[in-house]
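Content type TSV, C-alpha atoms (C1' of nucleotides) and all ligand atoms, from the file input-v9.tsv:
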chain	number	residue	atom	x	y	z
A	116	MET	CA	4.17	-0.12	1.24
A	117	LYS	CA	3.64	-2.06	-1.95
A	118	PHE	CA	2.67	-0.91	-5.38
A	119	SER	CA	-0.70	-2.27	-6.42
A	120	THR	CA	-1.04	-4.61	-9.36
A	121	ARG	CA	-2.57	-1.67	-11.18
A	122	SER	CA	0.80	0.03	-11.12
A	123	ARG	CA	2.74	-3.07	-12.06
A	124	TYR	CA	0.46	-4.13	-14.86
A	125	GLY	CA	-0.11	-0.58	-16.05
A	126	THR	CA	3.58	0.18	-16.22
A	127	ARG	CA	4.22	-2.99	-18.16
A	128	ALA	CA	1.36	-2.11	-20.46
A	129	MET	CA	2.96	1.24	-21.16
A	130	LEU	CA	6.27	-0.46	-21.81
A	131	ASP	CA	4.56	-2.85	-24.21
A	132	LEU	CA	3.07	0.07	-26.10
A	133	ALA	CA	6.42	1.80	-26.25
A	134	LEU	CA	8.08	-1.27	-27.68
A	135	HIS	CA	5.40	-1.60	-30.36
A	136	ASP	CA	5.16	2.07	-31.05
A	137	ASN	CA	5.92	2.55	-34.73
A	138	SER	CA	3.50	-0.12	-35.97
A	139	SER	CA	-0.29	-0.35	-35.96
A	140	PRO	CA	-2.29	0.19	-32.76
A	141	VAL	CA	-1.89	-2.50	-30.14
A	142	ARG	CA	-4.99	-4.50	-29.36
A	143	LEU	CA	-5.73	-5.08	-25.69
A	144	LYS	CA	-6.08	-8.76	-26.49
A	145	ASP	CA	-2.49	-8.97	-27.69
A	146	LEU	CA	-1.16	-6.83	-24.90
A	147	ALA	CA	-2.96	-8.95	-22.34
A	148	ARG	CA	-1.61	-12.18	-23.81
A	149	ARG	CA	1.96	-10.92	-23.90
A	150	GLN	CA	1.81	-9.61	-20.35
A	151	GLY	CA	-0.16	-12.48	-18.88
A	152	VAL	CA	-3.03	-10.36	-17.61
A	153	SER	CA	-6.75	-10.68	-18.32
A	154	VAL	CA	-8.25	-8.34	-20.89
A	155	LYS	CA	-11.01	-7.48	-18.46
A	156	TYR	CA	-8.64	-6.32	-15.80
A	157	LEU	CA	-6.57	-4.30	-18.24
A	158	GLU	CA	-9.75	-2.67	-19.46
A	159	GLN	CA	-10.16	-1.30	-15.99
A	160	ILE	CA	-6.61	-0.03	-15.70
A	161	ILE	CA	-6.27	1.56	-19.11
A	162	PRO	CA	-8.68	4.49	-18.61
A	163	ALA	CA	-6.40	6.03	-16.00
A	164	LEU	CA	-3.59	6.07	-18.51
A	165	LYS	CA	-5.84	7.55	-21.15
A	166	ASN	CA	-7.22	10.26	-18.89
A	167	ALA	CA	-3.68	11.19	-17.98
A	168	GLY	CA	-2.98	11.78	-21.66
A	169	PHE	CA	-0.34	9.10	-22.09
A	170	ILE	CA	-2.17	6.94	-24.60
A	171	ARG	CA	-4.70	7.35	-27.37
A	172	SER	CA	-7.35	4.80	-28.28
A	173	ILE	CA	-8.82	3.83	-31.62
A	174	ARG	CA	-12.24	2.27	-31.37
A	175	GLY	CA	-13.99	-0.29	-33.55
A	176	ILE	CA	-12.49	-3.09	-35.55
A	177	ASN	CA	-8.75	-2.86	-36.08
A	178	GLY	CA	-8.70	-0.53	-33.12
A	179	GLY	CA	-6.28	-0.51	-30.22
A	180	TYR	CA	-3.95	1.78	-28.34
A	181	THR	CA	-0.92	3.86	-29.15
A	182	LEU	CA	1.22	6.26	-27.18
A	183	ALA	CA	-0.16	9.78	-27.25
A	184	LYS	CA	3.26	11.39	-27.01
A	185	GLY	CA	6.91	10.51	-27.26
A	186	ALA	CA	8.16	7.84	-24.88
A	187	GLY	CA	10.87	10.27	-23.83
A	188	GLU	CA	8.27	12.69	-22.56
A	189	ILE	CA	6.56	10.26	-20.23
A	190	ARG	CA	8.17	9.77	-16.83
A	191	LEU	CA	7.63	6.62	-14.84
A	192	LEU	CA	6.67	8.84	-11.93
A	193	ASP	CA	3.73	10.18	-13.92
A	194	ILE	CA	2.61	6.70	-14.92
A	195	VAL	CA	2.72	5.29	-11.44
A	196	GLU	CA	1.04	8.31	-9.89
A	197	ALA	CA	-1.74	8.12	-12.46
A	198	LEU	CA	-2.34	4.51	-11.46
A	199	GLU	CA	-1.52	4.59	-7.79
A	200	GLY	CA	-2.26	8.08	-6.59
A	201	SER	CA	0.32	10.11	-4.72
A	202	LEU	CA	3.49	8.28	-3.79
A	203	SER	CA	3.88	10.08	-0.50
A	204	PRO	CA	4.35	7.47	2.21
A	205	VAL	CA	2.10	9.46	4.54
A	206	ASP	CA	-0.71	11.86	3.74
A	207	CYS	CA	0.73	14.80	5.61
A	208	VAL	CA	3.56	15.10	3.10
A	209	ASP	CA	1.02	16.27	0.55
A	210	MET	CA	-1.33	17.94	3.02
A	211	PRO	CA	0.51	19.28	6.06
A	212	LYS	CA	-2.78	20.18	7.70
A	213	TRP	CA	-3.66	16.48	7.76
A	214	CYS	CA	-1.51	16.01	10.85
A	215	PRO	CA	-2.27	18.59	13.49
A	216	ARG	CA	1.33	18.88	14.63
A	217	SER	CA	3.07	18.67	11.25
A	218	GLY	CA	5.09	21.81	11.89
A	219	GLU	CA	6.81	20.32	14.90
A	220	CYS	CA	7.07	16.68	13.84
A	221	ALA	CA	10.52	15.33	13.07
A	222	THR	CA	9.23	12.16	11.45
A	223	HIS	CA	7.40	14.34	8.97
A	224	GLU	CA	10.73	15.50	7.60
A	225	VAL	CA	11.91	11.95	7.14
A	226	TRP	CA	8.76	10.93	5.30
A	227	ARG	CA	9.28	13.95	3.06
A	228	ASP	CA	12.81	12.74	2.34
A	229	VAL	CA	11.49	9.30	1.43
A	230	ARG	CA	9.03	10.83	-0.94
A	231	LYS	CA	11.78	12.86	-2.55
A	232	ALA	CA	13.99	9.83	-3.02
A	233	ILE	CA	11.20	7.99	-4.81
A	234	ASP	CA	10.50	11.04	-6.93
A	235	ASP	CA	14.12	11.25	-7.96
A	236	VAL	CA	14.27	7.66	-9.18
A	237	LEU	CA	10.92	7.53	-10.91
A	238	GLY	CA	11.01	11.12	-12.08
A	239	GLY	CA	14.42	10.60	-13.61
A	240	THR	CA	13.38	7.66	-15.73
A	241	THR	CA	11.28	8.02	-18.85
A	242	LEU	CA	9.39	5.38	-20.73
A	243	ALA	CA	12.06	5.66	-23.42
A	244	ASP	CA	14.73	4.79	-20.86
A	245	LEU	CA	12.68	1.82	-19.76
A	246	ALA	CA	12.18	0.60	-23.32
A	247	GLU	CA	15.89	0.87	-23.95
A	248	ARG	CA	16.65	-1.18	-20.87
A	249	GLN	CA	14.15	-3.77	-22.00
A	250	ARG	CA	15.74	-4.03	-25.44
A	251	ALA	CA	19.12	-4.50	-23.82
A	252	LEU	CA	17.73	-7.27	-21.66
A	253	SER	CA	16.01	-9.08	-24.52
A	254	GLU	CA	18.95	-8.73	-26.89
A	255	PRO	CA	20.64	-12.03	-27.77
A	256	ARG	CA	24.31	-11.86	-26.92
B	875	MET	CA	2.09	2.99	-1.49
B	876	LYS	CA	1.40	4.34	1.95
B	877	PHE	CA	2.93	3.46	5.26
B	878	SER	CA	0.39	1.98	7.64
B	879	THR	CA	-0.54	3.69	10.86
B	880	ARG	CA	1.46	0.98	12.58
B	881	SER	CA	4.60	2.44	11.04
B	882	ARG	CA	3.69	6.02	11.74
B	883	TYR	CA	2.60	5.45	15.32
B	884	GLY	CA	5.38	2.98	15.98
B	885	THR	CA	8.06	5.32	14.72
B	886	ARG	CA	6.68	8.15	16.81
B	887	ALA	CA	6.58	5.82	19.80
B	888	MET	CA	10.25	5.02	19.30
B	889	LEU	CA	11.01	8.72	19.01
B	890	ASP	CA	9.12	9.36	22.22
B	891	LEU	CA	11.15	6.71	24.01
B	892	ALA	CA	14.37	8.15	22.63
B	893	LEU	CA	13.48	11.62	23.90
B	894	HIS	CA	12.70	10.28	27.37
B	895	ASP	CA	15.58	7.88	27.48
B	896	ASN	CA	17.65	8.79	30.49
B	897	SER	CA	14.76	8.87	32.93
B	898	SER	CA	12.47	6.17	34.33
B	899	PRO	CA	10.64	3.77	31.99
B	900	VAL	CA	7.91	5.32	29.90
B	901	ARG	CA	4.39	4.12	30.63
B	902	LEU	CA	2.25	3.32	27.63
B	903	LYS	CA	-0.43	5.53	29.11
B	904	ASP	CA	1.82	8.55	28.96
B	905	LEU	CA	3.18	7.71	25.56
B	906	ALA	CA	-0.32	7.27	24.21
B	907	ARG	CA	-1.49	10.57	25.62
B	908	ARG	CA	1.47	12.47	24.23
B	909	GLN	CA	1.12	10.92	20.79
B	910	GLY	CA	-2.66	11.00	20.63
B	911	VAL	CA	-3.09	7.27	20.13
B	912	SER	CA	-5.13	4.80	22.16
B	913	VAL	CA	-3.30	2.63	24.67
B	914	LYS	CA	-5.02	-0.44	23.28
B	915	TYR	CA	-3.79	0.14	19.78
B	916	LEU	CA	-0.26	0.87	20.95
B	917	GLU	CA	-0.34	-2.36	22.94
B	918	GLN	CA	-0.74	-4.16	19.66
B	919	ILE	CA	2.05	-2.31	17.90
B	920	ILE	CA	4.63	-2.47	20.66
B	921	PRO	CA	5.33	-6.24	20.54
B	922	ALA	CA	6.83	-5.95	17.05
B	923	LEU	CA	9.31	-3.43	18.38
B	924	LYS	CA	10.09	-5.59	21.35
B	925	ASN	CA	10.58	-8.74	19.30
B	926	ALA	CA	12.94	-6.84	17.04
B	927	GLY	CA	15.05	-6.05	20.08
B	928	PHE	CA	14.65	-2.29	20.00
B	929	ILE	CA	12.88	-1.85	23.30
B	930	ARG	CA	12.77	-3.50	26.70
B	931	SER	CA	9.71	-3.74	28.89
B	932	ILE	CA	9.35	-3.66	32.65
B	933	ARG	CA	6.21	-5.28	33.94
B	934	GLY	CA	4.15	-4.60	36.99
B	935	ILE	CA	3.53	-1.37	38.77
B	936	ASN	CA	5.97	1.41	37.88
B	937	GLY	CA	6.68	-0.52	34.72
B	938	GLY	CA	7.00	0.77	31.21
B	939	TYR	CA	9.34	0.75	28.26
B	940	THR	CA	12.88	1.86	27.57
B	941	LEU	CA	15.18	1.58	24.60
B	942	ALA	CA	17.09	-1.68	24.56
B	943	LYS	CA	20.12	-0.17	22.87
B	944	GLY	CA	21.56	3.19	21.98
B	945	ALA	CA	19.40	5.40	19.78
B	946	GLY	CA	22.36	5.71	17.45
B	947	GLU	CA	22.31	1.99	16.80
B	948	ILE	CA	18.70	1.86	15.65
B	949	ARG	CA	18.05	2.80	12.04
B	950	LEU	CA	14.66	4.04	10.94
B	951	LEU	CA	14.81	1.41	8.23
B	952	ASP	CA	14.86	-1.30	10.86
B	953	ILE	CA	11.97	0.21	12.77
B	954	VAL	CA	9.75	0.60	9.76
B	955	GLU	CA	10.56	-2.85	8.42
B	956	ALA	CA	9.76	-4.38	11.79
B	957	LEU	CA	6.36	-2.72	11.70
B	958	GLU	CA	5.57	-2.78	8.02
B	959	GLY	CA	7.39	-5.75	6.57
B	960	SER	CA	9.72	-5.41	3.61
B	961	LEU	CA	9.76	-2.01	1.95
B	962	SER	CA	10.20	-3.42	-1.54
B	963	PRO	CA	7.56	-1.87	-3.76
B	964	VAL	CA	7.00	-5.21	-5.46
B	965	ASP	CA	7.52	-8.72	-4.13
B	966	CYS	CA	9.89	-9.83	-6.88
B	967	VAL	CA	12.54	-7.44	-5.61
B	968	ASP	CA	12.91	-9.69	-2.57
B	969	MET	CA	12.00	-12.94	-4.31
B	970	PRO	CA	12.97	-12.90	-7.98
B	971	LYS	CA	11.23	-16.23	-8.47
B	972	TRP	CA	7.95	-14.57	-7.60
B	973	CYS	CA	7.69	-13.17	-11.11
B	974	PRO	CA	8.29	-15.83	-13.75
B	975	ARG	CA	10.12	-13.47	-16.10
B	976	SER	CA	12.10	-11.48	-13.57
B	977	GLY	CA	15.35	-12.02	-15.40
B	978	GLU	CA	14.13	-10.28	-18.51
B	979	CYS	CA	11.89	-7.61	-17.01
B	980	ALA	CA	13.07	-4.02	-17.27
B	981	THR	CA	10.54	-2.72	-14.78
B	982	HIS	CA	12.05	-5.07	-12.22
B	983	GLU	CA	15.27	-3.07	-12.34
B	984	VAL	CA	13.40	0.16	-11.71
B	985	TRP	CA	11.51	-1.26	-8.74
B	986	ARG	CA	14.86	-2.40	-7.39
B	987	ASP	CA	16.17	1.15	-7.75
B	988	VAL	CA	13.17	2.49	-5.86
B	989	ARG	CA	13.79	0.05	-3.06
B	990	LYS	CA	17.40	1.12	-2.88
B	991	ALA	CA	16.49	4.79	-2.73
B	992	ILE	CA	14.19	4.16	0.21
B	993	ASP	CA	16.84	2.05	1.89
B	994	ASP	CA	19.37	4.83	1.54
B	995	VAL	CA	17.17	7.42	3.22
B	996	LEU	CA	15.80	5.27	6.00
B	997	GLY	CA	18.98	3.26	6.45
B	998	GLY	CA	21.02	6.42	6.73
B	999	THR	CA	18.94	7.86	9.56
B	1000	THR	CA	19.15	6.60	13.11
B	1001	LEU	CA	16.77	7.18	15.94
B	1002	ALA	CA	19.40	9.47	17.43
B	1003	ASP	CA	19.34	11.59	14.28
B	1004	LEU	CA	15.58	11.75	14.49
B	1005	ALA	CA	15.63	12.75	18.14
B	1006	GLU	CA	18.12	15.49	17.38
B	1007	ARG	CA	15.90	16.84	14.63
B	1008	GLN	CA	12.98	16.80	16.98
B	1009	ARG	CA	14.85	18.73	19.63
B	1010	ALA	CA	15.82	21.31	17.03
B	1011	LEU	CA	12.19	21.66	16.01
B	1012	SER	CA	10.89	22.01	19.54
B	1013	GLU	CA	13.61	24.41	20.66
B	1014	PRO	CA	12.36	27.88	21.48
B	1015	ARG	CA	14.17	30.47	19.41
C	52	DA	C1'	-27.14	-3.17	-44.27
C	53	DA	C1'	-25.21	-6.85	-41.68
C	54	DT	C1'	-21.37	-8.70	-39.26
C	55	DA	C1'	-17.58	-8.93	-36.46
C	56	DA	C1'	-14.12	-7.04	-33.66
C	57	DT	C1'	-12.78	-3.83	-30.97
C	58	DT	C1'	-13.02	-0.17	-27.07
C	59	DC	C1'	-16.04	1.76	-23.38
C	60	DC	C1'	-18.92	1.85	-19.23
C	61	DT	C1'	-20.96	0.31	-14.92
C	62	DA	C1'	-21.70	-2.77	-11.53
C	63	DG	C1'	-20.72	-6.58	-8.51
C	64	DT	C1'	-17.92	-9.63	-5.48
C	65	DA	C1'	-14.75	-12.35	-2.81
C	66	DA	C1'	-10.60	-12.03	-0.27
C	67	DT	C1'	-7.50	-9.55	2.17
C	68	DT	C1'	-5.72	-5.90	4.93
C	69	DA	C1'	-6.07	-1.95	8.05
C	70	DT	C1'	-7.53	-0.03	12.16
C	71	DA	C1'	-8.78	-0.51	15.76
C	72	DT	C1'	-11.63	-2.29	20.56
C	73	DA	C1'	-12.55	-5.61	24.41
C	74	DG	C1'	-11.68	-8.56	28.16
C	75	DG	C1'	-9.06	-10.63	31.05
C	76	DA	C1'	-4.38	-12.93	32.52
C	77	DT	C1'	0.12	-12.03	34.36
C	78	DT	C1'	3.57	-9.55	36.95
C	79	DA	C1'	5.67	-6.58	40.37
C	80	DT	C1'	5.46	-2.87	43.83
C	81	DT	C1'	3.61	-1.16	47.95
D	1077	DA	C1'	-4.19	-7.75	49.52
D	1078	DA	C1'	-4.58	-3.92	46.49
D	1079	DT	C1'	-3.02	-1.55	42.70
D	1080	DA	C1'	-1.07	-0.47	38.36
D	1081	DA	C1'	1.25	-1.69	34.86
D	1082	DT	C1'	2.38	-5.05	30.73
D	1083	DC	C1'	0.83	-9.15	28.08
D	1084	DC	C1'	-2.16	-12.10	25.30
D	1085	DT	C1'	-5.96	-13.41	22.36
D	1086	DA	C1'	-10.08	-12.66	20.24
D	1087	DT	C1'	-13.45	-9.91	17.82
D	1088	DA	C1'	-15.46	-6.11	14.90
D	1089	DT	C1'	-15.74	-3.04	11.25
D	1090	DA	C1'	-14.41	-0.58	7.37
D	1091	DA	C1'	-11.64	0.04	3.47
D	1092	DT	C1'	-9.00	-1.59	-0.22
D	1093	DT	C1'	-7.53	-4.81	-3.67
D	1094	DA	C1'	-7.93	-7.63	-7.46
D	1095	DC	C1'	-10.63	-9.16	-10.11
D	1096	DT	C1'	-15.07	-10.80	-13.06
D	1097	DA	C1'	-19.43	-10.00	-15.80
D	1098	DG	C1'	-22.50	-8.10	-19.01
D	1099	DG	C1'	-23.58	-5.39	-22.31
D	1100	DA	C1'	-23.41	-0.69	-24.99
D	1101	DA	C1'	-21.04	2.06	-28.42
D	1102	DT	C1'	-18.02	2.36	-32.32
D	1103	DT	C1'	-15.95	1.25	-36.71
D	1104	DA	C1'	-13.83	-1.52	-40.77
D	1105	DT	C1'	-15.06	-4.91	-43.79
D	1106	DT	C1'	-18.15	-7.59	-46.55
E	1	LIG	S1	3.18	15.44	10.75
E	1	LIG	FE1	2.22	13.75	9.88
E	1	LIG	S2	3.40	12.15	10.81
E	1	LIG	FE2	4.05	13.84	11.92
E	2	LIG	S1	9.89	-9.25	-12.61
E	2	LIG	FE1	8.41	-8.76	-11.15
E	2	LIG	S2	7.52	-7.01	-12.13
E	2	LIG	FE2	8.77	-7.77	-13.71

Take the structure in the file and give it back as structure tokens.
Ligand code: FES
Ligand code: FES
Amino acid sequence: MKFSTRSRYGTRAMLDLALHDNSSPVRLKDLARRQGVSVKYLEQIIPALKNAGFIRSIRGINGGYTLAKGAGEIRLLDIVEALEGSLSPVDCVDMPKWCPRSGECATHEVWRDVRKAIDDVLGGTTLADLAERQRALSEPR
Amino acid sequence: MKFSTRSRYGTRAMLDLALHDNSSPVRLKDLARRQGVSVKYLEQIIPALKNAGFIRSIRGINGGYTLAKGAGEIRLLDIVEALEGSLSPVDCVDMPKWCPRSGECATHEVWRDVRKAIDDVLGGTTLADLAERQRALSEPR
DNA sequence: AATAATTCCTAGTAATTATATAGGATTATT
DNA sequence: AATAATCCTATATAATTACTAGGAATTATT
């Protein structure tokens, strides 16, 4: 019941892009240095975010990555699901047929409730919200 | 981000014990048959529940397992944590030192919120609640 | 046209975790 | 003594995780 490093690194990568949005594309090299992750590993995580339509890439020299849409339109739930797969704590929440007795299983209902609680938190937070929180944290006071 | 089979089987085992509470101890053989799990695998899951103080065992012939306290005093959160370990989606929620920059990491706050949401659902449901739901599901109507 | 810097693609790999199974020791009832 | 249950420890296998490696494709600059 842990998020994989894919999700942790990938979410922080998205946050990094959001914070550097209005400038030139962000090179993976810089992103990796700032986040303390190897370029090679990020290279493997990034495609999921691109396929999901969250980021756009610019190839060749001076290339890099930018957000493909407004930070306010990207929910953390979408990011994590793109990286992690479904957040249902058990498979039968998504596919009731997966458990033969899902119609008469009380635990099933509880797992569904857990899923919903996660959805509410992560679905209610956008990348813009996250960036704002980060700015508040980094702000000198 | 899935619960292991330990958690799923273990929770169902606890539910089974709760439903057969007021009678004689439940043999693993019967529990396993009802839940569709091998006795040998259950044997490996059960000790965690016993060590946590949720169940009591009776050895020898006519032995078996019973709840060690009232079903209303056992929260699903406790059961799952006994079987699964901490439900924090990332380690730094439990150990802030684990991430070097946890004090200035916005994602950290979100992961903490996710943990809390799970806690609220699973901490707010007791084994008695679960048993009641199960009876409602099984009831002929 | 050559160079350099970037993303893109595919494969490999070591370590860990998940999901069991197996065999026998211990305990208590009859 | 026989039986039936829990208890304990070891082993096996498969899947997943967290990377690393090498090079191909693309593009701005010179
Ligand atoms: S229906 Fe899947 S756990 Fe019960
Ligand atoms: S502090 Fe652990 S993920 Fe940021």

Exercise: C:DT57 partners within 10 Å, only C-alpha atoms (C1' of nucleotides), chain neighbours under 3 positions left out, as a list in words:
Arg142, Leu143, Lys144, Ile173, Arg174, Gly175, Ile176, Asn177, Gly178 and Gly179 of chain A; DT1102 and DT1103 of chain D

One decimal, Å: what's the distance from atom CA of A:Phe169 over to atom CA of A:Ala183, could you say?
5.2 Å

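Using only C-alpha atoms (C1' of nucleotides), the nearest neighbour of chain B within the list C:DA76, C:DA65, C:DA56, C:DT70 is C:DT70.
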
Between atom CA of A:Asn137 and atom S2 of ligand LIG 2 (chain E), what is the distance in Å, rounded to a tenth?
24.6 Å

Moved chain B, fitted on chain A by every C-alpha in sequence order, as a tab-separated table (two decimals) with C-alpha atoms, in the frame of the given file:
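What ended up in part_37.tsv:
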chain	number	residue	atom	x	y	z
B	875	MET	CA	4.21	-0.09	1.20
B	876	LYS	CA	3.63	-2.05	-1.95
B	877	PHE	CA	2.65	-0.90	-5.39
B	878	SER	CA	-0.71	-2.28	-6.43
B	879	THR	CA	-1.07	-4.61	-9.36
B	880	ARG	CA	-2.61	-1.68	-11.18
B	881	SER	CA	0.78	0.03	-11.12
B	882	ARG	CA	2.72	-3.05	-12.06
B	883	TYR	CA	0.43	-4.12	-14.87
B	884	GLY	CA	-0.12	-0.56	-16.03
B	885	THR	CA	3.57	0.19	-16.22
B	886	ARG	CA	4.20	-3.00	-18.14
B	887	ALA	CA	1.34	-2.11	-20.46
B	888	MET	CA	2.95	1.25	-21.15
B	889	LEU	CA	6.26	-0.47	-21.78
B	890	ASP	CA	4.57	-2.84	-24.18
B	891	LEU	CA	3.06	0.06	-26.09
B	892	ALA	CA	6.42	1.81	-26.20
B	893	LEU	CA	8.10	-1.27	-27.65
B	894	HIS	CA	5.43	-1.60	-30.34
B	895	ASP	CA	5.18	2.08	-31.04
B	896	ASN	CA	5.95	2.55	-34.69
B	897	SER	CA	3.55	-0.09	-35.94
B	898	SER	CA	-0.25	-0.35	-35.96
B	899	PRO	CA	-2.25	0.19	-32.75
B	900	VAL	CA	-1.86	-2.50	-30.14
B	901	ARG	CA	-4.97	-4.52	-29.37
B	902	LEU	CA	-5.70	-5.12	-25.72
B	903	LYS	CA	-6.04	-8.79	-26.52
B	904	ASP	CA	-2.47	-8.98	-27.69
B	905	LEU	CA	-1.15	-6.85	-24.89
B	906	ALA	CA	-2.95	-8.98	-22.34
B	907	ARG	CA	-1.60	-12.19	-23.80
B	908	ARG	CA	1.96	-10.93	-23.88
B	909	GLN	CA	1.81	-9.63	-20.33
B	910	GLY	CA	-0.17	-12.50	-18.87
B	911	VAL	CA	-3.05	-10.38	-17.62
B	912	SER	CA	-6.75	-10.70	-18.35
B	913	VAL	CA	-8.26	-8.37	-20.93
B	914	LYS	CA	-11.04	-7.48	-18.52
B	915	TYR	CA	-8.69	-6.33	-15.83
B	916	LEU	CA	-6.59	-4.33	-18.27
B	917	GLU	CA	-9.77	-2.68	-19.52
B	918	GLN	CA	-10.20	-1.28	-16.05
B	919	ILE	CA	-6.64	-0.05	-15.72
B	920	ILE	CA	-6.30	1.53	-19.14
B	921	PRO	CA	-8.71	4.47	-18.63
B	922	ALA	CA	-6.43	6.01	-15.99
B	923	LEU	CA	-3.62	6.06	-18.52
B	924	LYS	CA	-5.86	7.51	-21.16
B	925	ASN	CA	-7.25	10.23	-18.90
B	926	ALA	CA	-3.71	11.19	-17.98
B	927	GLY	CA	-3.01	11.76	-21.65
B	928	PHE	CA	-0.37	9.09	-22.08
B	929	ILE	CA	-2.18	6.92	-24.57
B	930	ARG	CA	-4.69	7.30	-27.38
B	931	SER	CA	-7.33	4.77	-28.28
B	932	ILE	CA	-8.80	3.81	-31.63
B	933	ARG	CA	-12.21	2.25	-31.44
B	934	GLY	CA	-13.92	-0.25	-33.64
B	935	ILE	CA	-12.45	-3.07	-35.62
B	936	ASN	CA	-8.69	-2.84	-36.13
B	937	GLY	CA	-8.64	-0.54	-33.14
B	938	GLY	CA	-6.25	-0.52	-30.24
B	939	TYR	CA	-3.93	1.76	-28.34
B	940	THR	CA	-0.89	3.84	-29.14
B	941	LEU	CA	1.22	6.26	-27.17
B	942	ALA	CA	-0.16	9.77	-27.24
B	943	LYS	CA	3.25	11.39	-27.01
B	944	GLY	CA	6.89	10.49	-27.27
B	945	ALA	CA	8.14	7.84	-24.87
B	946	GLY	CA	10.83	10.27	-23.81
B	947	GLU	CA	8.23	12.70	-22.56
B	948	ILE	CA	6.53	10.25	-20.21
B	949	ARG	CA	8.15	9.78	-16.82
B	950	LEU	CA	7.59	6.62	-14.83
B	951	LEU	CA	6.65	8.86	-11.94
B	952	ASP	CA	3.71	10.17	-13.91
B	953	ILE	CA	2.57	6.71	-14.92
B	954	VAL	CA	2.69	5.30	-11.43
B	955	GLU	CA	1.01	8.32	-9.89
B	956	ALA	CA	-1.77	8.12	-12.45
B	957	LEU	CA	-2.37	4.51	-11.46
B	958	GLU	CA	-1.56	4.58	-7.78
B	959	GLY	CA	-2.28	8.08	-6.58
B	960	SER	CA	0.31	10.13	-4.73
B	961	LEU	CA	3.48	8.28	-3.80
B	962	SER	CA	3.89	10.10	-0.50
B	963	PRO	CA	4.37	7.50	2.21
B	964	VAL	CA	2.14	9.48	4.54
B	965	ASP	CA	-0.68	11.88	3.74
B	966	CYS	CA	0.76	14.83	5.63
B	967	VAL	CA	3.59	15.10	3.12
B	968	ASP	CA	1.03	16.29	0.57
B	969	MET	CA	-1.32	17.96	3.05
B	970	PRO	CA	0.54	19.29	6.08
B	971	LYS	CA	-2.76	20.17	7.72
B	972	TRP	CA	-3.63	16.50	7.78
B	973	CYS	CA	-1.49	16.01	10.86
B	974	PRO	CA	-2.23	18.60	13.54
B	975	ARG	CA	1.39	18.88	14.66
B	976	SER	CA	3.10	18.68	11.29
B	977	GLY	CA	5.14	21.79	11.93
B	978	GLU	CA	6.87	20.29	14.92
B	979	CYS	CA	7.11	16.65	13.87
B	980	ALA	CA	10.56	15.31	13.08
B	981	THR	CA	9.26	12.16	11.45
B	982	HIS	CA	7.43	14.35	8.97
B	983	GLU	CA	10.76	15.53	7.60
B	984	VAL	CA	11.94	11.97	7.13
B	985	TRP	CA	8.78	10.94	5.30
B	986	ARG	CA	9.30	13.96	3.08
B	987	ASP	CA	12.83	12.76	2.34
B	988	VAL	CA	11.51	9.33	1.42
B	989	ARG	CA	9.03	10.87	-0.95
B	990	LYS	CA	11.78	12.88	-2.57
B	991	ALA	CA	13.99	9.84	-3.02
B	992	ILE	CA	11.20	8.01	-4.81
B	993	ASP	CA	10.49	11.06	-6.93
B	994	ASP	CA	14.11	11.27	-7.97
B	995	VAL	CA	14.25	7.68	-9.19
B	996	LEU	CA	10.89	7.54	-10.90
B	997	GLY	CA	10.98	11.14	-12.08
B	998	GLY	CA	14.40	10.62	-13.60
B	999	THR	CA	13.33	7.66	-15.72
B	1000	THR	CA	11.25	8.02	-18.84
B	1001	LEU	CA	9.37	5.37	-20.71
B	1002	ALA	CA	12.03	5.65	-23.40
B	1003	ASP	CA	14.71	4.80	-20.84
B	1004	LEU	CA	12.67	1.83	-19.75
B	1005	ALA	CA	12.17	0.61	-23.30
B	1006	GLU	CA	15.88	0.88	-23.94
B	1007	ARG	CA	16.64	-1.18	-20.86
B	1008	GLN	CA	14.16	-3.76	-21.99
B	1009	ARG	CA	15.72	-4.02	-25.42
B	1010	ALA	CA	19.12	-4.48	-23.81
B	1011	LEU	CA	17.73	-7.27	-21.66
B	1012	SER	CA	16.03	-9.07	-24.51
B	1013	GLU	CA	18.95	-8.73	-26.91
B	1014	PRO	CA	20.59	-12.01	-27.82
B	1015	ARG	CA	24.27	-11.94	-26.99

In the coordinate frame of the file, compute which residues have an atom within 10 Å of (-11.8, -14.9, 22.1) when using only C-alpha atoms (C1' of nucleotides), and state them as a list in words.
DA73 and DG74 of chain C; DT1085, DA1086 and DT1087 of chain D
